[in-house]
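**Student:** Data file entry_33.txt (compact mmCIF, C-alpha atoms) is appended below.
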# COMPACT_ATOMS: atom_id res chain seq x y z
CA MET P 1 210.77 122.42 63.49
CA HIS P 2 210.75 125.81 61.74
CA ALA P 3 207.76 126.88 63.84
CA PHE P 4 209.56 125.89 67.03
CA GLY P 5 212.64 127.88 65.97
CA GLN P 6 210.52 130.97 65.37
CA ILE P 7 208.76 130.63 68.71
CA LEU P 8 212.09 130.11 70.51
CA LYS P 9 213.50 133.24 68.87
CA ILE P 10 210.46 135.31 69.87
CA GLU P 11 210.38 133.99 73.43
CA THR P 12 214.10 134.63 73.84
CA ARG P 13 213.66 138.23 72.71
CA LEU P 14 210.80 138.70 75.16
CA TYR P 15 212.88 137.19 77.95
CA LEU P 16 215.84 139.47 77.26
CA ARG P 17 213.59 142.50 76.86
CA ASP P 18 212.51 142.13 80.48
CA LEU P 19 215.86 143.11 82.00
CA ALA P 20 214.80 142.03 85.49
CA ALA P 21 214.79 138.34 84.51
CA PRO P 22 218.40 138.01 83.24
CA LEU P 23 219.65 140.45 85.89
CA ILE P 24 218.26 138.37 88.75
CA THR P 25 218.90 134.92 87.31
CA ILE P 26 222.43 135.47 85.97
CA VAL P 27 223.89 138.80 87.13
CA LEU P 28 222.77 138.71 90.79
CA PRO P 29 224.54 135.41 91.67
CA LEU P 30 227.72 136.70 89.99
CA LEU P 31 227.47 139.99 91.84
CA LEU P 32 227.09 138.24 95.19
CA LEU P 33 230.01 135.95 94.35
CA THR P 34 232.14 139.00 93.58
CA VAL P 35 231.13 140.86 96.74
CA PHE P 36 231.82 137.89 99.02
CA GLY P 37 234.95 136.97 97.10
CA MET P 38 236.47 140.41 97.65
CA ILE P 39 236.41 139.89 101.42
CA PRO P 40 239.74 138.18 102.29
CA ALA P 41 238.41 136.43 105.40
CA LEU P 42 235.73 134.68 103.35
CA ARG P 43 238.39 133.18 101.06
CA GLU P 44 240.27 131.51 103.92
CA SER P 45 239.71 127.89 104.95
CA ASN P 46 237.52 127.47 108.00
CA PRO P 47 236.89 124.29 110.00
CA ASP P 48 233.24 125.35 110.34
CA PHE P 49 232.90 124.69 106.60
CA GLY P 50 234.82 121.42 106.53
CA ASP P 51 238.15 123.19 105.92
CA ARG P 52 236.62 125.01 102.98
CA SER P 53 236.37 128.75 102.60
CA PHE P 54 233.01 130.45 102.99
CA ILE P 55 232.95 131.32 99.30
CA GLN P 56 233.44 127.63 98.39
CA TYR P 57 230.73 126.62 100.84
CA PHE P 58 228.28 129.28 99.63
CA ALA P 59 228.82 128.93 95.86
CA PRO P 60 226.16 126.20 95.36
CA SER P 61 223.63 128.38 97.19
CA LEU P 62 224.30 131.15 94.66
CA LEU P 63 223.36 128.70 91.93
CA VAL P 64 220.09 128.06 93.77
CA ILE P 65 219.11 131.68 93.03
CA THR P 66 219.17 131.00 89.30
CA LEU P 67 217.45 127.64 89.61
CA ALA P 68 214.66 128.97 91.80
CA MET P 69 214.06 132.08 89.69
CA ALA P 70 214.04 130.27 86.34
CA ALA P 71 212.11 127.16 87.36
CA VAL P 72 209.58 128.09 90.04
CA ASN P 73 209.15 131.82 89.54
CA ILE P 74 209.49 132.86 85.89
CA LEU P 75 208.39 129.66 84.13
CA PRO P 76 204.98 129.11 85.81
CA THR P 77 203.99 132.79 85.77
CA VAL P 78 204.80 133.14 82.07
CA LEU P 79 202.82 130.02 81.14
CA ALA P 80 199.88 131.01 83.35
CA THR P 81 199.87 134.47 81.77
CA TYR P 82 199.77 132.94 78.28
CA ARG P 83 196.88 130.70 79.32
CA GLU P 84 194.98 133.61 80.85
CA ARG P 85 195.38 135.71 77.69
CA GLY P 86 194.33 132.85 75.43
CA VAL P 87 197.72 132.56 73.74
CA LEU P 88 197.91 128.80 74.28
CA ARG P 89 194.40 128.30 72.95
CA ARG P 90 195.09 130.32 69.81
CA LEU P 91 198.37 128.48 69.18
CA ALA P 92 196.45 125.21 69.19
CA THR P 93 194.76 126.30 65.95
CA THR P 94 198.04 127.03 64.15
CA PRO P 95 200.92 124.84 62.88
CA ALA P 96 202.89 126.10 65.91
CA SER P 97 201.33 124.04 68.70
CA PRO P 98 201.22 125.13 72.36
CA ALA P 99 203.70 122.33 73.05
CA ALA P 100 206.27 124.24 70.99
CA LEU P 101 205.81 127.28 73.24
CA LEU P 102 206.17 125.10 76.31
CA ALA P 103 209.34 123.55 74.88
CA ALA P 104 210.74 127.00 74.08
CA GLN P 105 210.18 128.14 77.67
CA LEU P 106 211.97 125.04 78.97
CA VAL P 107 214.90 125.65 76.60
CA ILE P 108 215.20 129.25 77.83
CA SER P 109 215.10 128.11 81.46
CA LEU P 110 217.72 125.43 80.86
CA GLY P 111 219.92 127.82 78.91
CA THR P 112 219.75 130.39 81.70
CA ILE P 113 220.67 127.81 84.32
CA LEU P 114 223.57 126.46 82.24
CA ILE P 115 224.99 129.93 81.57
CA SER P 116 224.76 130.87 85.24
CA ALA P 117 226.42 127.62 86.38
CA VAL P 118 229.30 128.01 83.91
CA LEU P 119 229.87 131.66 84.84
CA LEU P 120 229.84 130.94 88.57
CA ILE P 121 232.36 128.12 88.16
CA VAL P 122 234.66 130.05 85.80
CA VAL P 123 234.56 133.39 87.62
CA GLY P 124 234.90 131.67 91.00
CA ARG P 125 237.96 129.78 89.77
CA LEU P 126 239.71 132.61 87.93
CA ALA P 127 238.93 135.49 90.28
CA PHE P 128 238.64 133.93 93.73
CA ASP P 129 240.47 130.60 93.49
CA VAL P 130 237.33 128.56 94.04
CA PRO P 131 238.27 125.01 92.97
CA LEU P 132 236.55 123.46 89.99
CA PRO P 133 234.01 120.75 90.87
CA ARG P 134 236.06 117.85 92.21
CA HIS P 135 233.59 115.34 90.85
CA PRO P 136 232.47 116.82 87.49
CA LEU P 137 230.19 113.94 86.56
CA GLY P 138 228.56 113.93 89.97
CA PHE P 139 228.13 117.69 89.84
CA ALA P 140 226.57 117.50 86.39
CA LEU P 141 224.22 114.75 87.54
CA ALA P 142 223.25 116.63 90.69
CA LEU P 143 222.62 119.79 88.65
CA VAL P 144 220.55 117.95 86.04
CA LEU P 145 218.39 116.14 88.60
CA GLY P 146 218.00 119.21 90.81
CA THR P 147 217.03 121.28 87.79
CA ALA P 148 214.59 118.62 86.61
CA ALA P 149 212.94 118.51 90.04
CA LEU P 150 212.49 122.28 90.18
CA LEU P 151 211.28 122.55 86.58
CA ALA P 152 208.75 119.79 87.27
CA LEU P 153 207.48 121.71 90.29
CA GLY P 154 207.31 124.88 88.20
CA LEU P 155 205.31 123.08 85.52
CA LEU P 156 203.00 121.68 88.20
CA VAL P 157 202.32 125.23 89.41
CA ALA P 158 201.66 126.29 85.81
CA ALA P 159 199.33 123.32 85.37
CA VAL P 160 197.03 124.20 88.27
CA ALA P 161 197.16 128.02 88.12
CA PRO P 162 194.59 129.46 85.69
CA THR P 163 195.83 133.07 85.93
CA ASN P 164 199.02 135.04 86.48
CA LYS P 165 197.96 136.11 89.96
CA SER P 166 197.12 132.59 91.06
CA ALA P 167 200.45 131.35 89.69
CA GLN P 168 202.29 134.01 91.68
CA ALA P 169 200.30 133.14 94.79
CA ILE P 170 201.65 129.59 94.57
CA ALA P 171 205.07 130.28 93.07
CA VAL P 172 206.25 132.99 95.46
CA PRO P 173 205.94 130.89 98.66
CA LEU P 174 207.51 127.93 96.85
CA PHE P 175 210.32 130.18 95.63
CA MET P 176 210.96 131.46 99.15
CA LEU P 177 211.07 127.92 100.55
CA VAL P 178 213.56 126.81 97.90
CA MET P 179 215.74 129.83 98.58
CA PHE P 180 215.56 129.33 102.34
CA PHE P 181 216.39 125.62 102.37
CA GLY P 182 219.00 126.23 99.67
CA GLY P 183 220.91 128.46 102.07
CA VAL P 184 220.42 131.73 100.17
CA TYR P 185 218.68 133.82 102.81
CA LEU P 186 220.77 132.41 105.62
CA PRO P 187 223.90 130.26 105.14
CA ARG P 188 223.08 126.68 106.01
CA PHE P 189 225.70 126.42 108.76
CA MET P 190 223.64 128.98 110.71
CA LEU P 191 220.47 126.88 110.52
CA PRO P 192 219.40 124.22 113.04
CA ASN P 193 220.53 120.76 112.02
CA PHE P 194 217.03 119.48 111.29
CA LEU P 195 216.46 122.35 108.83
CA VAL P 196 219.77 121.57 107.14
CA ARG P 197 218.67 117.94 106.73
CA ILE P 198 215.36 119.07 105.23
CA GLY P 199 217.31 121.26 102.83
CA ASP P 200 219.40 118.27 101.75
CA TYR P 201 216.29 116.71 100.24
CA THR P 202 214.56 119.88 99.06
CA PRO P 203 215.01 120.64 95.36
CA PRO P 204 217.46 121.41 93.91
CA GLY P 205 219.40 119.39 96.51
CA VAL P 206 222.07 121.90 97.46
CA GLN P 207 224.01 119.36 99.55
CA ALA P 208 224.53 117.13 96.52
CA LEU P 209 225.85 120.13 94.58
CA LEU P 210 228.15 121.05 97.46
CA ASP P 211 229.47 117.50 97.85
CA ALA P 212 230.25 117.14 94.15
CA TRP P 213 231.80 120.61 93.98
CA THR P 214 234.06 120.45 97.03
CA THR P 215 234.55 116.89 98.26
CA ASP P 216 233.43 113.74 96.51
CA ALA P 217 230.55 112.20 94.64
CA PRO P 218 227.07 113.22 95.84
CA ARG P 219 225.20 110.70 97.94
CA PRO P 220 222.94 108.39 95.91
CA LEU P 221 219.99 109.05 98.22
CA HIS P 222 220.14 112.79 97.55
CA LEU P 223 220.12 112.17 93.81
CA ALA P 224 217.37 109.57 94.05
CA ILE P 225 215.08 111.96 95.94
CA MET P 226 215.55 114.62 93.25
CA ALA P 227 214.74 112.06 90.55
CA VAL P 228 211.60 110.89 92.38
CA ILE P 229 210.37 114.48 92.82
CA ALA P 230 211.03 115.19 89.14
CA VAL P 231 209.07 112.13 88.03
CA LEU P 232 206.14 112.61 90.41
CA ALA P 233 205.76 116.36 89.90
CA GLY P 234 206.32 116.04 86.16
CA SER P 235 203.72 113.29 85.84
CA ALA P 236 201.20 115.29 87.84
CA ALA P 237 201.89 118.39 85.72
CA ALA P 238 201.40 116.42 82.49
CA LYS P 239 198.10 115.01 83.76
CA LEU P 240 196.73 118.31 85.02
CA PHE P 241 198.05 120.71 82.39
CA ARG P 242 195.43 122.41 80.24
CA TRP P 243 196.02 124.71 77.31
CA GLU P 244 193.04 126.88 78.24
Rewrite the structure of this file - the entire thing - as structure tokens.

**Tutor:**
Amino acid sequence: MHAFGQILKIETRLYLRDLAAPLITIVLPLLLLTVFGMIPALRESNPDFGDRSFIQYFAPSLLVITLAMAAVNILPTVLATYRERGVLRRLATTPASPAALLAAQLVISLGTILISAVLLIVVGRLAFDVPLPRHPLGFALALVLGTAALLALGLLVAAVAPTNKSAQAIAVPLFMLVMFFGGVYLPRFMLPNFLVRIGDYTPPGVQALLDAWTTDAPRPLHLAIMAVIAVLAGSAAAKLFRWE
């Protein structure tokens, strides 16, 4: 346990030292929320968004930025880099096992996602009158399952990528797909309906987050798909993962 604590402390310092990571995963979504929130027209209810304001409609997509960066961009590239440099192999010969490093990376990813989600909800509510999630339990469940699905995909990338470059070659297209179907690059109401439906079932399941945040409980099918992806991708990652 002491070894894990030391590794977590070191990995957290390394994460914070690279300013780009916290800036993109936490600050960027808040910045976009602030910019959009300062435009009065985007705070008014609109029938195109189900009588929600644009900022209410777009808030879950801002959370997708953090989820995608932490789970399918940063996590697999860091682990692949450690494998390439022999860090995981050397850890296997010490009391601090490679599993402790893997656990520390997951804790950092989860912590980043939790901080971003809380800040988006609190700042949105206090500064721009974005309602709190109407179904807190459903929102928490949708966030947990969506996060689990993306982390499992990130671990799967880390499992099959032997080097940093190969991890980036897989992670970047996956990252772009998650961002696109999550409505980050283009708000989902501007997409064709069939692309919106695909996005409903693409991790992290932005429609489930939107439903729980603004209307009612997320649909069970959306949650079930996220759970299935998490289990399948996680199982494949566990089977394929190598420390060296």

**Student:** Just checking: using only C-alpha atoms, which residue out of P:Leu151, P:Val35, P:Ala20, P:Ala167 ends up closest to Tyr82 of chain P?

**Tutor:** P:Ala167

**Student:** Find, counting only C-alpha atoms, the residue in P:Thr163, P:Thr147, P:Ser235, P:Ser116 that gets nearest to Leu31 of chain P.

**Tutor:** P:Ser116

**Student:** Using Å and a single decimal, report how far atom CA of Ala41 of chain P sits from atom CA of Ala127 of chain P.

**Tutor:**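 Pair atom CA of Ala127 of chain P / atom CA of Ala41 of chain P returns 15.2 Å.
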
**Student:** Using Å and a single decimal, report how far atom CA of Ala140 of chain P sits from atom CA of Gly124 of chain P.

**Tutor:**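 Separation between atom CA of Gly124 of chain P and atom CA of Ala140 of chain P: 17.1 Å.
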
**Student:** Please indicate the distance in Å from atom CA of Met69 of chain P to atom CA of Asp211 of chain P, rounded to one decimal place.

**Tutor:**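 Separation between atom CA of Met69 of chain P and atom CA of Asp211 of chain P: 22.7 Å.
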
**Student:** Given all atoms listed in the file as the basis, pick out the residue of P:Val130, P:Ala3, P:Leu62, P:Leu110 nearest to Gly37 of chain P.

**Tutor:**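 With all atoms listed in the file as the atom set, the closest residue is P:Val130.
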
**Student:** Residues at most 6 Å from Ala217 of chain P, counting all atoms listed in the file, excluding those fewer than 4 positions away in the same chain, as a list in words?

**Tutor:**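 Result of the neighbour search: His135, Gly138 and Ala212 of chain P.
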
**Student:** Go ahead and save the picked residues with C-alpha atoms, as a short mmCIF file (atom, residue, chain, number, x, y, z; two decimals), in the coordinates of the input.

**Tutor:**
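And here's out.cif as it stands now:
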data_model
loop_
_atom_site.label_atom_id
_atom_site.label_comp_id
_atom_site.auth_asym_id
_atom_site.auth_seq_id
_atom_site.Cartn_x
_atom_site.Cartn_y
_atom_site.Cartn_z
CA HIS P 135 233.59 115.34 90.85
CA GLY P 138 228.56 113.93 89.97
CA ALA P 212 230.25 117.14 94.15
#

**Student:** What residues have an atom no more than 12 Å from (204.7, 128.2, 81.4) in the file's own frame, counting only C-alpha atoms, and can you write them as a PyMOL selection string?

**Tutor:** chain P and resi 11+70-84+87-88+98-109+151-164+167+171+237+241-243

**Student:** Quick one: residues within 10 Å of Pro204 of chain P, all atoms listed in the file counted, chain neighbours fewer than 4 positions away excluded, as a list in words?

**Tutor:**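 Selected residues are Ser61, Leu63, Val64, Leu67, Ala68, Ala142, Leu143, Val144, Leu145, Gly146, Thr147, Ala148, Ala149, Leu150, Leu151, Val178, Met179, Phe181, Gly182, Gly199, Asp200, Ala208, Leu209, His222, Leu223, Ile225, Met226 and Ile229 of chain P.
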